Structures are given as structure tokens and as C-alpha cells.
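Worksheet: one structure, shown below.
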Amino acid sequence: MEGSEHRIYKLIRTAVPTLALAGVVAVAGCGGGGGTDSGSPPAPVKQAGATVSGVVSADGTQGLVGPVGRATASSQQFEDKLGRISPKANRKTDAQKHGVAAGAGCDNSDVTPSDADLDLLNSAILCLVNGERADAGLPALNENPQLDQAATGMAQRMVNEHFFSHDTPDGKNIVDRIEPTGYIPDSSDWVVGENLAWGSGALSTPQAIVNGWMNSPGHRANILAPDYKDIGLAATMGAPSPDLTGGTVYVNNFGAKSGADLNARLPTESGSTGTAAAASTVAGAKVAKKASAKAKHKRRHKRHKRHHKQSRSHKHRAQH
């Protein structure tokens, strides 16, 4: 965790030398977010009608990109390299401007977050993500309450415990966090994934976050993964690091209970699926297999206890 916080602090110091460190910072996805956009001022942000609480008041414009992950029953991939996103990210997404109607019709995509509007943020993110998928000829993702639960727990922990990683301070990875919700089945062809983001001020709007993700090869791959069917969303006011102030944490958990593409690889920051991604897959394979075996053991244990309890109940009734 200390390494991640150090990288965040270093990027804050070097991102825009002419701006104060209290400038607006946004984190959205891993890899090289933002492309080659120049550092012109961000688009104006629309304030939600409800009273704002927890929104950062800041002057500058910066952007950071962070972790992305994907796991199956046989492997776990991750990319935790941090980088900057464009200060121009607070604009309509490509799917909104040039794509199909699924992206163009998204409400509240430019709303600055507040405690009272977190559901609006999640709805806007879902609409924008599905707009990108529709523009790529992919089916829409269905919101899943189990993945919602996992995403909400992760977002709250990131704010409360100040970490920005797919592994929590107590060592729980994406599989460990989703498995207790009951989403992961006993089969071997499930898949789950995760996109993380943080933003403040002009770069905390849903469209800024999705633009950051779509300009990051790893997060873009998660959004456009053909084998995902479900999604869980969470937005929580606060920062994932003591070096950052206020803003909003976003978590998207992706998944499918069957039909996983076991050959899919997350691209690296450069957009390739070469040695770095392969290395992360090999490194994570043991972790994923261990987590899967642990989950199966828990489910067998629960079934055994339930069967034993039912047997005792039947025996007791027979005796009376």
C-alpha cells in the first residue's frame, strides 16, 4: 500500500508544476489515460439540484489513473501502474458524440457528485458504459445486486482505510471480496473484473470517469470485454489516499457466472497484451486458484452443516 501511495504523491507533485497541490485530481483506470489531449481548461460542470456536501473546491486540473483487474477460476490479472489522465476528460464520451443512441441519451453524465446524488452517478456510469459497449456491437451489462454489494464495500473501504489497490490492507483480492456475496458459482467458467477511479471537481463527473477509463487500455478492455454479462456499481464521497482531499471514489465490478473467455488478457499501459500482462497472469494464477479452492471449501462446508442440521431435525421429529 505504501508504494501505491508514494506513486500517487509523486504524480501529484509532478503532474502540473504551475498548480498548487490542492488542485483537482482525478483517478480513472489503469494505463495511459487521456491520450494526447492538451491541458486546456475542463468543460464547465453542472451541479445537481440537491444541496452539495463533500464536493471539493479546488482550482487546478490534474488527472491520475490507477488499478484494473480481471480474474477467472484459473488466473488473476492485474495492472497497478499509475499515470495521468487528460484535464479535458470532462466532456461527452465518444459514444455520446459519434456513437449509437445508447450513449447519447445518458442523463446526468456531467453532474458533479454530492452525497445526495450517488444513485444518479451510478445510473449515469451504467448508461455510459453500456453506450460504449453498444457502439462496439456488444450487449448491455445488467446491474447485479451481488456485484453492487461487493463494489459498495470496496468503495467504502478505500475511503475509510485510505488505499488505492485491488488488494485490501488485509490482503483480500477481487475474488475474496466478491465470493461472499454468492455471485461466484461452483463452475469453472466464471469471470469477474474491476475498474477503480477517483476524481474531484471537474474530473469527478461520470463522463470524466468513463473517458478516463476508455483512454486506459486495461479499463477499456474491461468495459468492452465480450464475456462480461453483469455489473455492480458504487460511488462514495471521499479520497483513497491521505495525500488526496475529498472527491469521489468509483468502483465497477464486472462479471459472468458462465462463458468466461479463459484466453483473454488485459493489455498493459502501452495497450499490448505482452510480457507484463502475461507475467501478472502467471503471478496471479496461484492466488486465484487458492481463492477458488477456498470458496468451494466454504460452500461444501455450508452444505454439510445444512444437511447435518436437517438430518438431526428429521431424527428428532421421528423420535417424537
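Note on naming: chains are A, B, ... as they come in the C-alpha cells, residues start from 1 per chain, ligands start from 1 in the order shown.
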What are the nearest atom pairs, with distances in Å to one decimal, for all residues of range 108-161 of chain A that come at most 7 Å from range 75-98 of chain A, using only C-alpha atoms, set out by chain and rising residue number as JSON lines?
{"residue": "A:Gly131", "atom": "CA", "partner": "A:Ala95", "partner_atom": "CA", "distance": 6.0}
{"residue": "A:Glu132", "atom": "CA", "partner": "A:Ala95", "partner_atom": "CA", "distance": 5.5}
{"residue": "A:Asp135", "atom": "CA", "partner": "A:Ala95", "partner_atom": "CA", "distance": 6.2}
Would you list the contacts of range 239-248 of chain A as a PDB file with all heavy atoms, in the first residue's frame, taking every protein, DNA or RNA residue within 6 Å and counting only C-alpha atoms, but skipping same-chain residues closer than 4 positions in sequence?
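Produced file out08.pdb, reproduced below:
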ATOM      1  N   VAL A  55     -18.184  17.916  -1.800  1.00  0.00           N
ATOM      2  CA  VAL A  55     -17.553  18.218  -3.071  1.00  0.00           C
ATOM      3  C   VAL A  55     -16.358  19.127  -2.838  1.00  0.00           C
ATOM      4  O   VAL A  55     -16.443  20.123  -2.130  1.00  0.00           O
ATOM      5  CB  VAL A  55     -18.541  18.900  -4.036  1.00  0.00           C
ATOM      6  CG1 VAL A  55     -17.830  19.304  -5.309  1.00  0.00           C
ATOM      7  CG2 VAL A  55     -19.684  17.967  -4.350  1.00  0.00           C
ATOM      8  N   VAL A  56     -15.230  18.771  -3.422  1.00  0.00           N
ATOM      9  CA  VAL A  56     -14.012  19.536  -3.228  1.00  0.00           C
ATOM     10  C   VAL A  56     -14.077  20.854  -3.974  1.00  0.00           C
ATOM     11  O   VAL A  56     -14.521  20.919  -5.104  1.00  0.00           O
ATOM     12  CB  VAL A  56     -12.802  18.723  -3.747  1.00  0.00           C
ATOM     13  CG1 VAL A  56     -11.542  19.565  -3.725  1.00  0.00           C
ATOM     14  CG2 VAL A  56     -12.615  17.480  -2.906  1.00  0.00           C
ATOM     15  N   MET A 158     -12.006   1.760   0.600  1.00  0.00           N
ATOM     16  CA  MET A 158     -10.969   2.602   0.011  1.00  0.00           C
ATOM     17  C   MET A 158     -10.932   3.976   0.672  1.00  0.00           C
ATOM     18  O   MET A 158      -9.858   4.531   0.927  1.00  0.00           O
ATOM     19  CB  MET A 158     -11.199   2.740  -1.497  1.00  0.00           C
ATOM     20  CG  MET A 158     -10.897   1.483  -2.292  1.00  0.00           C
ATOM     21  SD  MET A 158     -11.423   1.602  -4.026  1.00  0.00           S
ATOM     22  CE  MET A 158     -10.367   2.940  -4.606  1.00  0.00           C
ATOM     23  N   VAL A 159     -12.113   4.523   0.955  1.00  0.00           N
ATOM     24  CA  VAL A 159     -12.195   5.838   1.593  1.00  0.00           C
ATOM     25  C   VAL A 159     -11.823   5.754   3.070  1.00  0.00           C
ATOM     26  O   VAL A 159     -11.055   6.569   3.584  1.00  0.00           O
ATOM     27  CB  VAL A 159     -13.601   6.432   1.420  1.00  0.00           C
ATOM     28  CG1 VAL A 159     -13.772   7.688   2.271  1.00  0.00           C
ATOM     29  CG2 VAL A 159     -13.859   6.756  -0.048  1.00  0.00           C
ATOM     30  N   HIS A 162      -7.999   4.336   3.309  1.00  0.00           N
ATOM     31  CA  HIS A 162      -7.005   5.053   2.503  1.00  0.00           C
ATOM     32  C   HIS A 162      -6.049   4.114   1.758  1.00  0.00           C
ATOM     33  O   HIS A 162      -4.861   4.050   2.034  1.00  0.00           O
ATOM     34  CB  HIS A 162      -6.200   6.022   3.380  1.00  0.00           C
ATOM     35  CG  HIS A 162      -6.947   7.264   3.723  1.00  0.00           C
ATOM     36  ND1 HIS A 162      -6.664   8.029   4.824  1.00  0.00           N
ATOM     37  CD2 HIS A 162      -8.000   7.869   3.120  1.00  0.00           C
ATOM     38  CE1 HIS A 162      -7.487   9.067   4.877  1.00  0.00           C
ATOM     39  NE2 HIS A 162      -8.316   8.980   3.842  1.00  0.00           N
ATOM     40  N   PHE A 163      -6.593   3.385   0.793  1.00  0.00           N
ATOM     41  CA  PHE A 163      -5.758   2.585  -0.096  1.00  0.00           C
ATOM     42  C   PHE A 163      -6.348   2.657  -1.497  1.00  0.00           C
ATOM     43  O   PHE A 163      -7.541   2.883  -1.675  1.00  0.00           O
ATOM     44  CB  PHE A 163      -5.666   1.124   0.370  1.00  0.00           C
ATOM     45  CG  PHE A 163      -6.945   0.344   0.254  1.00  0.00           C
ATOM     46  CD1 PHE A 163      -7.209  -0.448  -0.855  1.00  0.00           C
ATOM     47  CD2 PHE A 163      -7.906   0.396   1.267  1.00  0.00           C
ATOM     48  CE1 PHE A 163      -8.391  -1.158  -0.970  1.00  0.00           C
ATOM     49  CE2 PHE A 163      -9.086  -0.327   1.173  1.00  0.00           C
ATOM     50  CZ  PHE A 163      -9.336  -1.110   0.053  1.00  0.00           C
ATOM     51  N   PHE A 164      -5.493   2.483  -2.500  1.00  0.00           N
ATOM     52  CA  PHE A 164      -5.935   2.507  -3.890  1.00  0.00           C
ATOM     53  C   PHE A 164      -5.315   1.322  -4.612  1.00  0.00           C
ATOM     54  O   PHE A 164      -4.324   1.449  -5.331  1.00  0.00           O
ATOM     55  CB  PHE A 164      -5.533   3.819  -4.566  1.00  0.00           C
ATOM     56  CG  PHE A 164      -6.388   4.159  -5.762  1.00  0.00           C
ATOM     57  CD1 PHE A 164      -7.430   5.042  -5.644  1.00  0.00           C
ATOM     58  CD2 PHE A 164      -6.148   3.571  -6.993  1.00  0.00           C
ATOM     59  CE1 PHE A 164      -8.223   5.349  -6.738  1.00  0.00           C
ATOM     60  CE2 PHE A 164      -6.942   3.862  -8.087  1.00  0.00           C
ATOM     61  CZ  PHE A 164      -7.978   4.754  -7.959  1.00  0.00           C
ATOM     62  N   TRP A 198     -11.021   7.591  -9.015  1.00  0.00           N
ATOM     63  CA  TRP A 198     -11.253   8.667  -8.053  1.00  0.00           C
ATOM     64  C   TRP A 198     -11.130   9.991  -8.784  1.00  0.00           C
ATOM     65  O   TRP A 198     -10.258  10.151  -9.648  1.00  0.00           O
ATOM     66  CB  TRP A 198     -10.250   8.635  -6.906  1.00  0.00           C
ATOM     67  CG  TRP A 198     -10.396   9.798  -5.960  1.00  0.00           C
ATOM     68  CD1 TRP A 198     -11.254   9.899  -4.917  1.00  0.00           C
ATOM     69  CD2 TRP A 198      -9.677  11.027  -6.006  1.00  0.00           C
ATOM     70  NE1 TRP A 198     -11.125  11.115  -4.280  1.00  0.00           N
ATOM     71  CE2 TRP A 198     -10.147  11.826  -4.938  1.00  0.00           C
ATOM     72  CE3 TRP A 198      -8.687  11.552  -6.834  1.00  0.00           C
ATOM     73  CZ2 TRP A 198      -9.672  13.107  -4.675  1.00  0.00           C
ATOM     74  CZ3 TRP A 198      -8.206  12.825  -6.580  1.00  0.00           C
ATOM     75  CH2 TRP A 198      -8.693  13.586  -5.504  1.00  0.00           C
ATOM     76  N   GLY A 199     -12.011  10.918  -8.485  1.00  0.00           N
ATOM     77  CA  GLY A 199     -11.933  12.225  -9.109  1.00  0.00           C
ATOM     78  C   GLY A 199     -12.481  13.292  -8.207  1.00  0.00           C
ATOM     79  O   GLY A 199     -13.267  13.015  -7.302  1.00  0.00           O
ATOM     80  N   SER A 200     -12.074  14.541  -8.431  1.00  0.00           N
ATOM     81  CA  SER A 200     -12.631  15.666  -7.686  1.00  0.00           C
ATOM     82  C   SER A 200     -12.893  16.818  -8.643  1.00  0.00           C
ATOM     83  O   SER A 200     -12.302  16.900  -9.718  1.00  0.00           O
ATOM     84  CB  SER A 200     -11.688  16.116  -6.566  1.00  0.00           C
ATOM     85  OG  SER A 200     -10.488  16.640  -7.095  1.00  0.00           O
TER      86      SER A 200
END
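Picture a line from CA of Ser188 in chain A to CA of Met214 in chain A; it runs 29.2 Å.
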Pull the alpha helix (DSSP H) assignments for range 52-223 of chain A out of DSSP run on the backbone, and list those residues as a PyMOL selection string. chain A and resi 94-98+101-104+118-135+145-161+174-178+206-214+217-223
Under the rule that only C-alpha atoms are counted, which of A:Val111, A:Ala264, A:Ala71, A:Leu147 is the nearest residue to Leu233 in chain A? A:Leu147
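Across the structure, CA of Gly232 in chain A and CA of Ala202 in chain A are spaced 24.1 Å apart.
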Which residue is closest to Ala234 in chain A? Choose from A:Gly153, A:Gly255, A:Gly212, A:Gly193 and count only C-alpha atoms. A:Gly153
Using DSSP on the backbone, list every residue of range 88-242 of chain A that comes out as strand (DSSP E or B), and give them as a ChimeraX atom specification. /A:111-112,142-143,191-199,230-237
